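Below is coords_35.txt, holding compact mmCIF, C-alpha atoms.
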```
# COMPACT_ATOMS: atom_id res chain seq x y z
CA MET A 1 -13.05 -18.60 -2.73
CA SER A 2 -14.53 -20.75 0.01
CA LYS A 3 -16.97 -19.29 2.52
CA ASN A 4 -14.50 -19.18 5.41
CA LYS A 5 -11.45 -18.02 3.46
CA LYS A 6 -10.67 -14.35 3.98
CA PRO A 7 -9.78 -12.12 1.01
CA LYS A 8 -6.00 -11.67 0.68
CA VAL A 9 -4.79 -8.06 0.97
CA LEU A 10 -1.26 -6.70 0.65
CA ALA A 11 -0.61 -3.68 2.87
CA ILE A 12 2.41 -1.83 1.47
CA ALA A 13 4.26 1.17 2.90
CA SER A 14 7.65 2.77 3.30
CA PRO A 15 9.10 2.86 6.82
CA GLY A 16 8.36 5.70 9.24
CA GLY A 17 5.20 7.77 8.99
CA HIS A 18 3.83 5.83 6.02
CA TRP A 19 4.15 2.60 8.04
CA ILE A 20 2.51 4.11 11.13
CA GLN A 21 -0.47 5.32 9.07
CA LEU A 22 -0.81 1.97 7.30
CA ASN A 23 -0.93 0.16 10.63
CA LYS A 24 -3.61 2.54 11.95
CA ILE A 25 -5.71 1.68 8.90
CA CYS A 26 -5.06 -2.07 8.85
CA ASN A 27 -5.21 -2.96 12.56
CA PRO A 28 -9.03 -3.03 12.57
CA LEU A 29 -9.09 -4.96 9.26
CA GLU A 30 -7.06 -7.94 10.46
CA ASP A 31 -10.15 -9.92 11.51
CA ARG A 32 -11.85 -9.52 8.11
CA PHE A 33 -8.89 -9.91 5.75
CA ASP A 34 -5.80 -12.08 5.35
CA LEU A 35 -3.25 -9.26 5.52
CA THR A 36 0.36 -9.50 4.42
CA TYR A 37 2.49 -6.45 5.09
CA VAL A 38 5.23 -5.37 2.66
CA THR A 39 7.89 -2.81 3.54
CA PRO A 40 11.57 -1.98 3.04
CA GLY A 41 11.77 -1.53 6.82
CA SER A 42 13.57 -4.67 7.97
CA GLU A 43 13.05 -3.57 11.58
CA TYR A 44 9.38 -4.50 11.18
CA ALA A 45 10.10 -8.16 10.42
CA SER A 46 9.79 -9.00 14.12
CA ALA A 47 6.05 -8.42 13.72
CA VAL A 48 5.89 -11.93 12.24
CA LYS A 49 6.30 -13.25 15.78
CA ASN A 50 3.22 -11.24 16.71
CA SER A 51 1.10 -13.15 14.15
CA ARG A 52 1.69 -10.67 11.33
CA LYS A 53 3.29 -11.65 8.09
CA VAL A 54 5.78 -8.97 7.05
CA LEU A 55 7.76 -9.26 3.81
CA ASN A 56 10.78 -7.07 3.15
CA VAL A 57 11.61 -5.47 -0.19
CA THR A 58 14.36 -3.22 -1.51
CA ASP A 59 14.28 0.34 -0.23
CA ALA A 60 13.90 2.56 -3.29
CA SER A 61 12.81 6.10 -3.98
CA ALA A 62 12.82 8.79 -6.65
CA ASP A 63 16.38 9.53 -5.49
CA SER A 64 17.52 5.92 -6.07
CA LYS A 65 15.87 5.07 -9.39
CA LEU A 66 18.05 2.02 -10.14
CA LYS A 67 16.72 0.33 -7.00
CA LEU A 68 13.19 0.57 -8.46
CA ILE A 69 14.03 -2.32 -10.83
CA PRO A 70 14.77 -4.96 -8.17
CA LEU A 71 11.84 -3.58 -6.16
CA ALA A 72 9.50 -4.17 -9.12
CA PHE A 73 10.70 -7.76 -9.53
CA GLN A 74 10.34 -8.43 -5.79
CA LEU A 75 6.79 -7.09 -5.85
CA LEU A 76 5.91 -9.23 -8.89
CA TRP A 77 7.23 -12.28 -7.06
CA ILE A 78 5.12 -11.37 -4.01
CA PHE A 79 2.04 -11.00 -6.26
CA ILE A 80 2.65 -14.47 -7.71
CA LYS A 81 3.29 -16.06 -4.32
CA GLU A 82 0.58 -14.29 -2.29
CA ARG A 83 -2.14 -13.85 -4.96
CA PRO A 84 -3.76 -10.79 -3.37
CA THR A 85 -7.24 -9.60 -4.32
CA ALA A 86 -6.39 -6.06 -3.19
CA ILE A 87 -3.52 -3.75 -2.26
CA ILE A 88 -3.69 -0.86 0.18
CA SER A 89 -0.84 1.61 0.48
CA THR A 90 0.01 4.84 2.25
CA GLY A 91 3.10 5.35 0.08
CA ALA A 92 5.69 5.97 -1.06
CA ALA A 93 7.80 4.17 -3.74
CA PRO A 94 6.95 0.54 -2.83
CA GLY A 95 3.23 1.31 -2.94
CA ALA A 96 3.50 3.33 -6.14
CA ILE A 97 5.42 0.59 -7.97
CA ALA A 98 2.98 -2.05 -6.69
CA PHE A 99 0.03 -0.02 -8.04
CA LEU A 100 1.65 0.43 -11.44
CA LEU A 101 2.22 -3.35 -11.66
CA ALA A 102 -1.28 -4.16 -10.35
CA LYS A 103 -2.77 -2.14 -13.20
CA PHE A 104 -2.06 -5.14 -15.44
CA LEU A 105 -3.45 -7.70 -12.99
CA PRO A 106 -6.88 -8.37 -11.47
CA ILE A 107 -5.93 -6.68 -8.19
CA LYS A 108 -7.97 -3.83 -6.67
CA THR A 109 -5.98 -0.89 -5.29
CA ILE A 110 -6.60 1.71 -2.57
CA TRP A 111 -4.15 4.58 -2.09
CA VAL A 112 -4.37 6.57 1.17
CA ASP A 113 -2.33 9.72 0.69
CA SER A 114 -0.08 10.84 3.52
CA ILE A 115 -1.45 13.19 6.16
CA ALA A 116 1.77 15.22 5.75
CA ASN A 117 0.63 16.48 2.34
CA VAL A 118 -1.56 19.42 3.30
CA SER A 119 -1.51 21.50 0.12
CA GLN A 120 -1.37 18.87 -2.61
CA ILE A 121 -1.48 15.12 -3.20
CA SER A 122 1.96 13.53 -2.74
CA ARG A 123 4.26 12.92 -5.70
CA SER A 124 3.69 9.16 -5.50
CA GLY A 125 -0.05 9.74 -5.03
CA ARG A 126 -0.18 11.85 -8.20
CA MET A 127 1.77 9.14 -10.01
CA VAL A 128 -0.70 6.36 -9.13
CA MET A 129 -3.89 8.44 -9.21
CA LYS A 130 -4.96 7.37 -12.69
CA HIS A 131 -4.12 3.71 -11.96
CA ALA A 132 -5.66 3.33 -8.49
CA ASP A 133 -9.21 2.08 -7.99
CA LYS A 134 -9.62 4.48 -5.06
CA VAL A 135 -7.54 7.42 -3.81
CA ILE A 136 -8.26 8.73 -0.32
CA THR A 137 -6.96 12.00 1.11
CA GLN A 138 -6.79 12.95 4.76
CA TRP A 139 -7.35 16.63 3.93
CA GLU A 140 -10.83 17.69 2.83
CA PRO A 141 -9.64 20.57 0.57
CA LEU A 142 -7.65 18.07 -1.54
CA SER A 143 -10.74 15.99 -2.34
CA ASP A 144 -12.43 16.41 -5.70
CA GLY A 145 -15.31 14.18 -4.57
CA GLU A 146 -14.76 11.78 -7.47
CA LYS A 147 -11.27 10.38 -8.03
CA VAL A 148 -9.82 11.71 -4.75
CA VAL A 149 -12.16 11.32 -1.79
CA TYR A 150 -11.91 12.61 1.76
CA LYS A 151 -12.63 10.06 4.49
CA GLY A 152 -11.20 11.83 7.53
CA SER A 153 -7.82 11.79 9.23
CA ILE A 154 -6.07 8.64 10.42
CA LEU A 155 -3.84 10.13 13.11
```

What is this structure when it is put down as structure tokens?
Amino acid sequence: MSKNKKPKVLAIASPGGHWIQLNKICNPLEDRFDLTYVTPGSEYASAVKNSRKVLNVTDASADSKLKLIPLAFQLLWIFIKERPTAIISTGAAPGAIAFLLAKFLPIKTIWVDSIANVSQISRSGRMVMKHADKVITQWEPLSDGEKVVYKGSIL
């Protein structure tokens, strides 16, 4: 990597609250990293006009398991095309699938669990916990100080 080339980071989230949280995290990082956003929320594609690169993927969830297959292939294609050094996600299914795929690639991963999960780590967070390089919770009681760390609230 040349001196003036920024590290490439994929920022992946489902639409809605996950997307809002991801943007709160990534807005201050845009000067230091080459960020590409990935979401099933096609309404966010207009952000490209505002100097952000937003890629759309299939909307999948635990309730639509068959859609996870095309989602996985789309994410693999994005990995090949974008060549990220890291992935950051606030959830849910697109981030979880990306982390499971990244386990087999030289891509660092950071999972920021949703602020909505007060009493336990989210289902997708629990799924990626053993595969993620770092898992961050927004609720101090959910931190174990090792694998799941508390770094404060985003919102």

### Task
Calculate how many Å separate CA of Glu146 in chain A from CA of Lys134 in chain A, rounding to one decimal.
9.2 Å

### Query
Between A:Ile115, A:Ile20, A:Leu10, A:Leu29, which has the minimum distance to Ala86 in chain A (counting only C-alpha atoms)?
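Once distances to Ala86 in chain A are computed over only C-alpha atoms, the minimum belongs to A:Leu10.
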
### Task
Rank A:Ala13, A:Ala116, A:Val149, A:Ala93 by their smallest atom-to-atom distance to Thr137 in chain A, using all atoms listed in the file, and report the top residue only.
A:Val149

### Protein, DNA and RNA residues within 10 Å of (6.4, 12.7, -5.3), all atoms listed in the file, as a list in words
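With a cut-off of 10 Å, the residues come to Ser61, Ala62, Gly91, Ala92, Ala93, Ala96, Ile121, Ser122, Arg123, Ser124, Gly125, Arg126 and Met127 of chain A.
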
Dump of C-alpha atoms for the selected residues, as a tab-separated table (two decimals), keeping the file's coordinate frame:
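This is the output file out10.tsv:
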```tsv
chain	number	residue	atom	x	y	z
A	61	SER	CA	12.81	6.10	-3.98
A	62	ALA	CA	12.82	8.79	-6.65
A	91	GLY	CA	3.10	5.35	0.08
A	92	ALA	CA	5.69	5.97	-1.06
A	93	ALA	CA	7.80	4.17	-3.74
A	96	ALA	CA	3.50	3.33	-6.14
A	121	ILE	CA	-1.48	15.12	-3.20
A	122	SER	CA	1.96	13.53	-2.74
A	123	ARG	CA	4.26	12.92	-5.70
A	124	SER	CA	3.69	9.16	-5.50
A	125	GLY	CA	-0.05	9.74	-5.03
A	126	ARG	CA	-0.18	11.85	-8.20
A	127	MET	CA	1.77	9.14	-10.01
```

### Query
Pick from A:Gly16, A:Gln21, A:Asn4, A:Thr58: nearest to Phe33 in chain A, with all atoms listed in the file counted?
A:Asn4

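Around the point (5.7, -1.9, -8.8), within 10 Å and counting only C-alpha atoms, we find these residues: Leu68, Ile69, Pro70, Leu71, Ala72, Phe73, Gln74, Leu75, Leu76, Ala93, Pro94, Gly95, Ala96, Ile97, Ala98, Phe99, Leu100, Leu101, Ala102 and Lys103 of chain A.
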
### Query
In Å to one decimal, how far is CA of Ser14 in chain A from CA of Ala132 in chain A?
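Rounded to one decimal, the two atoms are 17.8 Å apart.
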
### Task
Would you mind reading off the distance between CA of Ser143 in chain A and CA of Asn27 in chain A, one decimal, in Å?
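Between these atoms lies a distance of 24.7 Å.
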
### Message
Using all atoms listed in the file, can you tell me which of A:Asn23, A:Ser42, A:Thr90, A:Ser64 comes closest to Ile110 in chain A?
### Response
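For Ile110 in chain A, the nearest of the given residues is A:Thr90.
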